[in-house]
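Below is one structure, written out as structure tokens; comments come after it.
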Amino acid sequence: MFLADVIGTVVTPVQHPSLESKRLLHLRCLNPDGTPTGKARVGIDGCGAGEGDRVIVLDEGNGGRQLVGIPNAPIKTIVVGVVDYLETESGDLAYSHTQREPLGSLND
Amino acid sequence: MFLADVIGTVVTPVQHPSLESKRLLHLRCLNPDGTPTGKARVGIDGCGAGEGDRVIVLDEGNGGRQLVGIPNAPIKTIVVGVVDYLETESGDLAYSHTQREPLGSLND
Amino acid sequence: MFLADVIGTVVTPVQHPSLESKRLLHLRCLNPDGTPTGKARVGIDGCGAGEGDRVIVLDEGNGGRQLVGIPNAPIKTIVVGVVDYLETESGDLAYSHTQREPLGSLND
Amino acid sequence: MFLADVIGTVVTPVQHPSLESKRLLHLRCLNPDGTPTGKARVGIDGCGAGEGDRVIVLDEGNGGRQLVGIPNAPIKTIVVGVVDYLETESGDLAYSHTQREPLGSLND
Amino acid sequence: MFLADVIGTVVTPVQHPSLESKRLLHLRCLNPDGTPTGKARVGIDGCGAGEGDRVIVLDEGNGGRQLVGIPNAPIKTIVVGVVDYLETESGDLAYSHTQREPLGSLND
């Protein structure tokens, strides 16, 4: 599992039936300090996440299929949680949902 | 799951029977802003994708086998959807199938 | 499996029921010599690890689900052990839990 | 699945019984344009590939075990096909088995 | 599967019962020419490997669990073979166990 920022939605008319009515999110993976790594994923929204949210992404098929309730769906990547905050040992916040900044360019 | 551009087809006479009559697409993986990452994959065409299409790729064996309907096929990577458009929160299009540009060189 | 340093905790109110009451650790992956690679993961605490600990991370769904005792949980990454020390053939310690240094910046 | 060049064979006397009499190929992964990425894999020969061949590699355990016919073998990476040619939309050949060039140094 | 050098052992008092009495090896991943990639893994010793050995690593849970004989162990990475030699088509040795050189620094 890893952290990512939601940077948009992916609209595709050609889909497997098990993906119908699912929202596909375009995700930007993050470094330990919250800056983008340059890598991207496409994930199914499993928790009502929206653009600009920092989310926890599960990149494993069996767990993802359980989440959507379809045993044999062609699914690998699911957004399983919206991050409220990241806390360090000293109590500092490395990220807070309420203080998030606007997304910059898609790669930065 | 991730986004990729179809850059060609792979023709191979030596195959497992479950791959016969399947079209193998050569895929170029993409950064968050749609530029190539430099990585490549070979995927089975699961949705009628063609060269130049931007597609959603599923890189997981169990889901892929369900898609092709062969429980024990030696399959991992499947093209599961052709992207129509990518939309940002403000309604901007980061990519549109109808306005796609010609592929540049294979790595760029 | 790989080594990582625990750099904080992730707090997320939107979760799958099987993740409730589990602590989510923010992990920084490590190079062979113990310096950070720049990659990060989010893992479930399976062994009472705390910030600053060097840990062994299992990044596989089936094993992770066994560890938490929930057969169909949407889980991939679990912290399975806190490292006591790393020993080379000559008996040198490449890392020792009792002599660990404070974490630097999140990426370094 | 991805493309790789076979750069040699790996000989190892210590093996699981299910690997006995299997040939292990040393593989060099490739960029979209066919240049090496710098990454390497070790795969079981599932199709009579030889050094210098460009091959399709399946990096997934369940499919690999089906290919070798041993349900619980400790196997992940299998060479499933020798590439005949790579074709672009315009009919150009990005690679042709009959016109392949000698391998350069192992990383280049 | 991939090649790696064993650079040490990992000692951890906090473990799942299925890992007890297993030796955990610290592994340094390798480029096609045998130089380190900079990536590291922690693997269970499945074949009596020691520090300085060049080994074949299986990074897949289901196969790994078969090797150790524990169906639901939280295991992903196993050392499945010690490399005797790597041979190129011309009969050259790219690596030979009997002529191996001392390990340099942990990242180089």
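Just remember, in the structure tokens the first chain shown is A, the second B, etc., residues are 1-based per chain, and ligands are 1-based in the order shown.
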| Please, which residues of range 8-64 of chain A, numbered as in this document, come out strand (DSSP E or B) from DSSP, as a list in words? |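 Here is the list: Gly8, Thr9, Val10, Val11, Leu24, Leu25, His26, Leu27, Arg28, Cys29, Leu30, Pro36, Thr37, Gly38, Lys39, Ala40, Arg41, Val42, Gly43, Ile44, Asp45, Arg54, Val55, Ile56, Val57, Leu58 and Asp59 of chain A.
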| All residues 9 Å or closer to His97 in chain D, only C-alpha atoms, same chain fewer than 6 positions away omitted, as a PyMOL selection string | chain D and resi 53-54+82-85
| field | Proximal residues of chain B relative to chain A (only C-alpha atoms; 10 Å) as a PyMOL selection string | value | chain B and resi 1-3+29-35+37+46-49+54-67+78-97
| message | What does the structure give for the distance between CA of Ser18 in chain C and CA of Gly69 in chain A, in Å to one decimal? | response |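 About the pair CA of Ser18 in chain C and CA of Gly69 in chain A: they are 14.3 Å apart.
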| message | Could you go through chain A and tell me which residues DSSP, when run on the backbone, assigns to helix (DSSP H, G or I), listing them as a list in words? | response | Pro17, Ser18, Leu19, Gly61, Asn62, Gly63, Gly64, Arg65, Gln66, Leu67, Val68, His97, Thr98 and Gln99 of chain A
